[in-house]
$ cat structure33.cif   # mmCIF, C-alpha atoms
data_run
loop_
_atom_site.label_atom_id
_atom_site.label_comp_id
_atom_site.auth_asym_id
_atom_site.auth_seq_id
_atom_site.Cartn_x
_atom_site.Cartn_y
_atom_site.Cartn_z
CA MET O 1 152.30 134.43 199.09
CA ALA O 2 149.07 135.22 197.31
CA SER O 3 147.56 132.41 195.33
CA ALA O 4 147.50 132.88 191.59
CA ASP O 5 143.75 132.42 191.96
CA ASN O 6 143.60 135.91 193.41
CA GLU O 7 145.66 137.68 190.79
CA ARG O 8 144.21 139.73 187.99
CA MET O 9 144.31 137.91 184.66
CA ALA O 10 144.67 139.64 181.30
CA ARG O 11 144.59 138.32 177.79
CA MET O 12 144.41 139.36 174.18
CA ALA O 13 142.18 137.24 171.98
CA GLU O 14 142.90 137.42 168.25
CA LEU O 15 140.09 136.15 166.03
CA ASP O 16 139.59 135.78 162.30
CA ILE O 17 135.90 135.81 161.37
CA ASP O 18 134.23 134.48 158.22
CA PRO O 19 133.48 137.68 156.24
CA ALA O 20 130.06 136.37 155.18
CA GLN O 21 129.05 136.14 158.84
CA LEU O 22 130.84 139.18 160.20
CA GLU O 23 127.79 141.30 160.96
CA ALA O 24 126.12 138.44 162.83
CA TYR O 25 129.34 137.73 164.72
CA ARG O 26 129.74 141.36 165.80
CA GLN O 27 126.18 141.36 167.10
CA ARG O 28 126.68 138.16 169.13
CA LEU O 29 129.98 139.39 170.50
CA SER O 30 128.47 142.72 171.57
CA GLU O 31 125.62 140.94 173.37
CA GLU O 32 128.06 138.65 175.14
CA ILE O 33 130.32 141.52 176.24
CA GLU O 34 127.44 143.64 177.53
CA ALA O 35 125.97 140.72 179.49
CA SER O 36 129.34 139.79 180.99
CA ILE O 37 130.06 143.28 182.28
CA ALA O 38 126.50 143.72 183.55
CA LEU O 39 126.24 140.37 185.32
CA GLU O 40 129.80 139.45 186.36
CA PRO O 41 131.66 141.84 188.67
CA GLY O 42 134.79 139.72 188.19
CA VAL O 43 134.89 140.50 184.48
CA LEU O 44 136.64 143.85 184.71
CA MET O 45 137.04 144.81 181.07
CA LEU O 46 136.21 143.47 177.61
CA HIS O 47 137.33 145.77 174.80
CA ALA O 48 136.76 144.42 171.30
CA VAL O 49 138.02 146.17 168.18
CA ALA O 50 138.25 145.30 164.48
CA LEU O 51 141.25 146.13 162.30
CA LYS O 52 140.20 148.91 159.93
CA ASP O 53 142.01 147.38 156.98
CA GLU O 54 140.87 143.82 157.74
CA PRO O 55 137.50 144.05 159.50
CA GLY O 56 137.28 140.28 159.94
CA LYS O 57 140.25 140.45 162.28
CA ILE O 58 138.98 141.09 165.80
CA ARG O 59 141.12 141.79 168.84
CA ILE O 60 139.66 141.57 172.35
CA LEU O 61 141.49 142.85 175.42
CA GLU O 62 140.09 140.86 178.34
CA VAL O 63 140.78 141.52 182.03
CA TYR O 64 139.39 139.38 184.86
CA ALA O 65 139.72 139.98 188.60
CA SER O 66 141.12 136.47 189.04
CA ARG O 67 141.52 133.15 187.25
CA ARG O 68 138.57 131.90 189.27
CA ASP O 69 136.41 134.70 187.86
CA TYR O 70 137.56 133.78 184.38
CA GLU O 71 136.69 130.13 184.90
CA ALA O 72 133.27 131.07 186.27
CA HIS O 73 132.75 133.30 183.22
CA LEU O 74 133.24 130.30 180.93
CA GLN O 75 130.27 128.56 182.57
CA THR O 76 127.76 131.41 182.34
CA PRO O 77 124.69 131.03 180.12
CA HIS O 78 125.57 134.14 178.08
CA PHE O 79 129.09 132.92 177.36
CA LEU O 80 127.94 129.40 176.47
CA ARG O 81 125.29 130.88 174.19
CA TYR O 82 127.92 133.04 172.46
CA LYS O 83 130.25 130.06 172.03
CA ASN O 84 127.48 127.96 170.57
CA LEU O 85 126.10 130.61 168.21
CA THR O 86 129.49 131.74 166.89
CA ALA O 87 131.32 128.41 166.57
CA GLY O 88 130.73 128.28 162.81
CA MET O 89 131.70 131.92 162.28
CA ILE O 90 135.24 131.81 163.71
CA ARG O 91 138.01 130.75 161.32
CA SER O 92 140.73 130.99 163.91
CA LEU O 93 141.18 132.00 167.53
CA THR O 94 144.50 132.71 169.23
CA LEU O 95 144.68 133.49 172.95
CA VAL O 96 147.71 135.50 174.06
CA ASP O 97 148.41 135.87 177.77
CA VAL O 98 149.48 139.39 178.68
CA ASP O 99 150.57 141.37 181.75
CA PRO O 100 149.18 144.84 182.36
CA VAL O 101 151.82 147.60 182.20
CA ALA O 102 149.52 150.60 182.69
CA MET O 103 145.77 150.66 182.16
CA CYS O 104 144.05 154.02 182.54
CA ALA O 105 140.74 155.42 181.31
CA GLN O 106 138.51 158.38 181.91
CA PRO O 107 135.62 157.73 184.30
CA ALA O 108 132.75 156.39 182.19
CA THR O 109 130.74 159.34 180.96
CA ALA O 110 129.40 158.12 177.62
CA SER O 111 128.83 154.90 175.74
CA MET Z 1 127.22 164.41 158.20
CA ALA Z 2 129.55 164.66 161.16
CA SER Z 3 133.10 165.65 160.41
CA ALA Z 4 135.68 162.94 160.97
CA ASP Z 5 137.24 165.40 163.40
CA ASN Z 6 134.40 164.66 165.79
CA GLU Z 7 134.54 160.89 165.62
CA ARG Z 8 136.14 158.70 168.22
CA MET Z 9 139.51 157.37 167.11
CA ALA Z 10 140.93 154.01 168.18
CA ARG Z 11 144.25 152.39 167.53
CA MET Z 12 146.45 149.52 168.57
CA ALA Z 13 150.13 150.32 168.91
CA GLU Z 14 152.50 147.35 168.70
CA LEU Z 15 155.99 147.99 170.03
CA ASP Z 16 159.15 145.94 170.36
CA ILE Z 17 161.38 147.24 173.15
CA ASP Z 18 165.10 146.70 173.67
CA PRO Z 19 165.23 144.08 176.47
CA ALA Z 20 168.12 145.86 178.18
CA GLN Z 21 165.96 148.98 178.57
CA LEU Z 22 162.62 147.36 179.20
CA GLU Z 23 162.25 148.35 182.83
CA ALA Z 24 163.05 151.98 182.06
CA TYR Z 25 160.67 151.93 179.11
CA ARG Z 26 157.79 150.56 181.18
CA GLN Z 27 158.34 153.30 183.75
CA ARG Z 28 158.32 156.06 181.12
CA LEU Z 29 155.26 154.61 179.43
CA SER Z 30 153.37 154.38 182.71
CA GLU Z 31 154.18 158.01 183.54
CA GLU Z 32 153.03 159.11 180.09
CA ILE Z 33 149.75 157.18 180.30
CA GLU Z 34 148.93 158.45 183.78
CA ALA Z 35 149.62 162.05 182.80
CA SER Z 36 147.58 161.78 179.60
CA ILE Z 37 144.49 160.44 181.35
CA ALA Z 38 144.84 162.93 184.21
CA LEU Z 39 145.40 166.01 182.04
CA GLU Z 40 143.61 165.32 178.75
CA PRO Z 41 139.84 164.65 178.86
CA GLY Z 42 139.99 163.79 175.14
CA VAL Z 43 142.28 160.84 175.80
CA LEU Z 44 139.61 158.32 176.74
CA MET Z 45 141.63 155.17 177.29
CA LEU Z 46 145.25 153.99 177.20
CA HIS Z 47 145.63 150.31 178.05
CA ALA Z 48 149.17 148.96 177.76
CA VAL Z 49 150.01 145.30 178.18
CA ALA Z 50 153.11 143.14 177.62
CA LEU Z 51 153.03 139.67 176.11
CA LYS Z 52 153.75 137.17 178.88
CA ASP Z 53 155.99 135.03 176.66
CA GLU Z 54 157.76 138.01 175.06
CA PRO Z 55 157.77 140.83 177.62
CA GLY Z 56 159.50 143.22 175.23
CA LYS Z 57 156.44 143.14 173.00
CA ILE Z 58 154.04 145.84 174.18
CA ARG Z 59 150.52 146.40 172.91
CA ILE Z 60 148.66 149.63 173.65
CA LEU Z 61 144.95 150.06 172.99
CA GLU Z 62 144.42 153.80 172.54
CA VAL Z 63 141.06 155.57 172.27
CA TYR Z 64 140.69 159.32 171.72
CA ALA Z 65 137.47 161.34 171.65
CA SER Z 66 138.39 162.73 168.23
CA ARG Z 67 141.26 163.06 165.82
CA ARG Z 68 141.69 166.62 167.04
CA ASP Z 69 142.17 165.35 170.60
CA TYR Z 70 144.74 162.89 169.30
CA GLU Z 71 146.64 165.60 167.48
CA ALA Z 72 146.58 167.81 170.56
CA HIS Z 73 147.90 164.89 172.61
CA LEU Z 74 150.95 164.65 170.35
CA GLN Z 75 151.90 168.23 171.29
CA THR Z 76 151.63 167.88 175.07
CA PRO Z 77 154.78 168.20 177.19
CA HIS Z 78 154.28 164.76 178.76
CA PHE Z 79 153.96 163.05 175.36
CA LEU Z 80 156.95 164.91 173.90
CA ARG Z 81 158.98 163.99 176.97
CA TYR Z 82 158.02 160.31 176.58
CA LYS Z 83 158.91 160.36 172.87
CA ASN Z 84 162.27 161.93 173.59
CA LEU Z 85 163.20 159.70 176.51
CA THR Z 86 162.16 156.43 174.85
CA ALA Z 87 163.35 157.00 171.27
CA GLY Z 88 166.46 154.86 171.83
CA MET Z 89 164.52 152.09 173.58
CA ILE Z 90 162.03 151.24 170.82
CA ARG Z 91 163.19 148.74 168.20
CA SER Z 92 159.99 148.93 166.19
CA LEU Z 93 156.59 150.59 166.36
CA THR Z 94 153.54 149.63 164.29
CA LEU Z 95 150.32 151.63 164.48
CA VAL Z 96 147.17 149.73 163.53
CA ASP Z 97 143.94 151.68 163.06
CA VAL Z 98 140.97 149.87 164.59
CA ASP Z 99 137.21 150.32 164.94
CA PRO Z 100 135.54 149.67 168.28
CA VAL Z 101 133.10 146.73 168.19
CA ALA Z 102 132.12 146.68 171.87
CA MET Z 103 134.05 148.27 174.73
CA CYS Z 104 132.75 147.67 178.24
CA ALA Z 105 134.33 147.86 181.68
CA GLN Z 106 133.28 147.86 185.29
CA PRO Z 107 133.07 151.31 186.87
CA ALA Z 108 136.55 152.09 188.19
CA THR Z 109 136.78 150.84 191.77
CA ALA Z 110 140.44 149.98 192.19
CA SER Z 111 143.73 150.56 190.48
#
$ encode --input "structure33.cif" --output "structure tokens"
Amino acid sequence: MASADNERMARMAELDIDPAQLEAYRQRLSEEIEASIALEPGVLMLHAVALKDEPGKIRILEVYASRRDYEAHLQTPHFLRYKNLTAGMIRSLTLVDVDPVAMCAQPATAS
Amino acid sequence: MASADNERMARMAELDIDPAQLEAYRQRLSEEIEASIALEPGVLMLHAVALKDEPGKIRILEVYASRRDYEAHLQTPHFLRYKNLTAGMIRSLTLVDVDPVAMCAQPATAS
């Protein structure tokens, strides 16, 4: 009965970053993630990691409280700034829709 | 200066599960994840998702406080039980070492 608008939305973003711009990209991504979690209660989780053997390959596990929260996220100044500043750094971007199976973490105690 | 034993350890596990046993696998995995987070403070995060278009493909983002915590985890009864019960369900398992770039989440408020 519930509208899909009210369902949690999860995704894995797979990015390939220009090695010459990797440090700048990581900085922009970190700023964007910190702002999103601080300012948007509907952005539940943004976990970005780099493959150890291929540091230009970034994976981001993204969880939003609803599709509406995700769509609002796309219009925020911090996200638009990130998109604009990193457009020339990203060689490829693949978005993979996922369903949570089990997501558990310790209560936040440290950065 | 710090020993690698004291550094946070992150990994992405990529699994392909036998479709005929997928429901049983998801149940065993969920039990294992919940027990690990409840019983092991050094297991910081276990986030398992399934690809929407290929539900047998499971991705698990794993973060441990240290390599020592990871090695201890492998010896716990709940992990050994999971390994034993799911051995015949897993078609392939790839472990990819990753480095955190930015990992942020809302304070836990709901399951």
$ interface_residues --input "structure33.cif" --of "chain Z" --to "chain O" --cutoff "7 Å" --atoms "all atoms listed in the file" --output "ChimeraX atom specification"
/Z:26,30,33-34,37,44-52,97-108
$ resolve_selection --input "structure33.cif" --expression "the PyMOL selection byres ((chain O and resi 83) around 12)" --output "PDB file with C-alpha atoms, in the coordinates of the input"
ATOM      1  CA  TYR O  25     129.340 137.730 164.720  1.00  0.00           C
ATOM      2  CA  ARG O  28     126.680 138.160 169.130  1.00  0.00           C
ATOM      3  CA  LEU O  29     129.980 139.390 170.500  1.00  0.00           C
ATOM      4  CA  GLU O  31     125.620 140.940 173.370  1.00  0.00           C
ATOM      5  CA  GLU O  32     128.060 138.650 175.140  1.00  0.00           C
ATOM      6  CA  HIS O  73     132.750 133.300 183.220  1.00  0.00           C
ATOM      7  CA  LEU O  74     133.240 130.300 180.930  1.00  0.00           C
ATOM      8  CA  GLN O  75     130.270 128.560 182.570  1.00  0.00           C
ATOM      9  CA  THR O  76     127.760 131.410 182.340  1.00  0.00           C
ATOM     10  CA  PRO O  77     124.690 131.030 180.120  1.00  0.00           C
ATOM     11  CA  HIS O  78     125.570 134.140 178.080  1.00  0.00           C
ATOM     12  CA  PHE O  79     129.090 132.920 177.360  1.00  0.00           C
ATOM     13  CA  LEU O  80     127.940 129.400 176.470  1.00  0.00           C
ATOM     14  CA  ARG O  81     125.290 130.880 174.190  1.00  0.00           C
ATOM     15  CA  TYR O  82     127.920 133.040 172.460  1.00  0.00           C
ATOM     16  CA  ASN O  84     127.480 127.960 170.570  1.00  0.00           C
ATOM     17  CA  LEU O  85     126.100 130.610 168.210  1.00  0.00           C
ATOM     18  CA  THR O  86     129.490 131.740 166.890  1.00  0.00           C
ATOM     19  CA  ALA O  87     131.320 128.410 166.570  1.00  0.00           C
ATOM     20  CA  GLY O  88     130.730 128.280 162.810  1.00  0.00           C
ATOM     21  CA  MET O  89     131.700 131.920 162.280  1.00  0.00           C
ATOM     22  CA  ILE O  90     135.240 131.810 163.710  1.00  0.00           C
ATOM     23  CA  LEU O  93     141.180 132.000 167.530  1.00  0.00           C
TER      24      LEU O  93
END
$ resolve_selection --input "structure33.cif" --expression "the PyMOL selection byres ((chain Z and resi 66) around 7)" --output "JSON, numbers by chain"
{"Z": [5, 6, 7, 8, 9, 64, 65, 67, 68, 69, 70]}
$ atom_distance --input "structure33.cif" --atom1 "atom CA of Z:Asp16" --atom2 "atom CA of O:Glu14"
18.5 Å
$ atom_distance --input "structure33.cif" --atom1 "atom CA of Z:Leu95" --atom2 "atom CA of O:Ala13"
18.2 Å
$ calpha_fit_and_write --input "structure33.cif" --fixed "chain Z" --moving "chain O" --output "CSV table (one decimal) with C-alpha atoms, in the coordinates of the input"
chain,number,residue,atom,x,y,z
O,1,MET,CA,127.3,164.7,158.1
O,2,ALA,CA,129.5,164.7,161.1
O,3,SER,CA,133.1,165.7,160.4
O,4,ALA,CA,135.7,163.0,161.0
O,5,ASP,CA,137.2,165.4,163.4
O,6,ASN,CA,134.4,164.6,165.8
O,7,GLU,CA,134.5,160.9,165.6
O,8,ARG,CA,136.1,158.7,168.2
O,9,MET,CA,139.5,157.4,167.1
O,10,ALA,CA,140.9,154.0,168.2
O,11,ARG,CA,144.3,152.4,167.5
O,12,MET,CA,146.5,149.5,168.6
O,13,ALA,CA,150.1,150.3,168.9
O,14,GLU,CA,152.5,147.3,168.7
O,15,LEU,CA,156.0,148.0,170.0
O,16,ASP,CA,159.2,145.9,170.4
O,17,ILE,CA,161.4,147.2,173.2
O,18,ASP,CA,165.1,146.7,173.7
O,19,PRO,CA,165.2,144.1,176.5
O,20,ALA,CA,168.1,145.9,178.2
O,21,GLN,CA,166.0,149.0,178.6
O,22,LEU,CA,162.6,147.4,179.2
O,23,GLU,CA,162.2,148.4,182.9
O,24,ALA,CA,163.1,152.0,182.1
O,25,TYR,CA,160.7,151.9,179.1
O,26,ARG,CA,157.8,150.6,181.2
O,27,GLN,CA,158.4,153.3,183.7
O,28,ARG,CA,158.3,156.1,181.1
O,29,LEU,CA,155.3,154.6,179.4
O,30,SER,CA,153.4,154.4,182.7
O,31,GLU,CA,154.2,158.0,183.5
O,32,GLU,CA,153.0,159.1,180.1
O,33,ILE,CA,149.8,157.2,180.3
O,34,GLU,CA,148.9,158.4,183.8
O,35,ALA,CA,149.6,162.1,182.8
O,36,SER,CA,147.6,161.8,179.6
O,37,ILE,CA,144.5,160.4,181.4
O,38,ALA,CA,144.8,162.9,184.2
O,39,LEU,CA,145.4,166.0,182.0
O,40,GLU,CA,143.6,165.3,178.7
O,41,PRO,CA,139.8,164.6,178.9
O,42,GLY,CA,140.0,163.8,175.1
O,43,VAL,CA,142.3,160.8,175.8
O,44,LEU,CA,139.6,158.3,176.8
O,45,MET,CA,141.6,155.2,177.3
O,46,LEU,CA,145.2,154.0,177.2
O,47,HIS,CA,145.6,150.3,178.1
O,48,ALA,CA,149.2,149.0,177.8
O,49,VAL,CA,150.0,145.3,178.2
O,50,ALA,CA,153.1,143.1,177.6
O,51,LEU,CA,153.0,139.7,176.1
O,52,LYS,CA,153.8,137.2,178.9
O,53,ASP,CA,156.0,135.0,176.7
O,54,GLU,CA,157.8,138.0,175.1
O,55,PRO,CA,157.8,140.8,177.6
O,56,GLY,CA,159.5,143.2,175.2
O,57,LYS,CA,156.4,143.1,173.0
O,58,ILE,CA,154.0,145.8,174.2
O,59,ARG,CA,150.5,146.4,172.9
O,60,ILE,CA,148.7,149.6,173.7
O,61,LEU,CA,144.9,150.1,173.0
O,62,GLU,CA,144.4,153.8,172.5
O,63,VAL,CA,141.1,155.6,172.3
O,64,TYR,CA,140.7,159.3,171.7
O,65,ALA,CA,137.5,161.3,171.7
O,66,SER,CA,138.4,162.7,168.2
O,67,ARG,CA,141.3,163.0,165.8
O,68,ARG,CA,141.7,166.6,167.0
O,69,ASP,CA,142.2,165.3,170.6
O,70,TYR,CA,144.7,162.9,169.3
O,71,GLU,CA,146.6,165.6,167.5
O,72,ALA,CA,146.6,167.8,170.6
O,73,HIS,CA,147.9,164.9,172.6
O,74,LEU,CA,150.9,164.6,170.3
O,75,GLN,CA,151.9,168.2,171.3
O,76,THR,CA,151.6,167.9,175.1
O,77,PRO,CA,154.8,168.2,177.2
O,78,HIS,CA,154.3,164.8,178.7
O,79,PHE,CA,154.0,163.1,175.4
O,80,LEU,CA,157.0,164.9,173.9
O,81,ARG,CA,159.0,164.0,177.0
O,82,TYR,CA,158.0,160.3,176.6
O,83,LYS,CA,158.9,160.4,172.9
O,84,ASN,CA,162.3,161.9,173.6
O,85,LEU,CA,163.2,159.7,176.5
O,86,THR,CA,162.2,156.4,174.8
O,87,ALA,CA,163.4,157.0,171.3
O,88,GLY,CA,166.5,154.9,171.8
O,89,MET,CA,164.5,152.1,173.6
O,90,ILE,CA,162.0,151.2,170.8
O,91,ARG,CA,163.2,148.7,168.2
O,92,SER,CA,160.0,148.9,166.2
O,93,LEU,CA,156.6,150.6,166.4
O,94,THR,CA,153.6,149.6,164.3
O,95,LEU,CA,150.3,151.6,164.5
O,96,VAL,CA,147.2,149.7,163.5
O,97,ASP,CA,143.9,151.6,163.1
O,98,VAL,CA,141.0,149.8,164.6
O,99,ASP,CA,137.2,150.3,165.0
O,100,PRO,CA,135.5,149.6,168.3
O,101,VAL,CA,133.1,146.7,168.2
O,102,ALA,CA,132.1,146.7,171.9
O,103,MET,CA,134.1,148.2,174.7
O,104,CYS,CA,132.7,147.7,178.2
O,105,ALA,CA,134.3,147.8,181.7
O,106,GLN,CA,133.3,147.9,185.3
O,107,PRO,CA,133.1,151.3,186.9
O,108,ALA,CA,136.6,152.1,188.2
O,109,THR,CA,136.8,150.8,191.7
O,110,ALA,CA,140.4,149.9,192.1
O,111,SER,CA,143.8,150.6,190.4
$ atom_distance --input "structure33.cif" --atom1 "atom CA of O:Gly56" --atom2 "atom CA of O:Ile17"
4.9 Å
$ axis_aligned_box --input "structure33.cif" --around "stretch 56-65 of chain Z" --padding-each-side "6 Å" --output "AutoDock Vina command-line options"
--center_x 148.5 --center_y 152.2 --center_z 173.4 --size_x 34.0 --size_y 30.2 --size_z 15.6
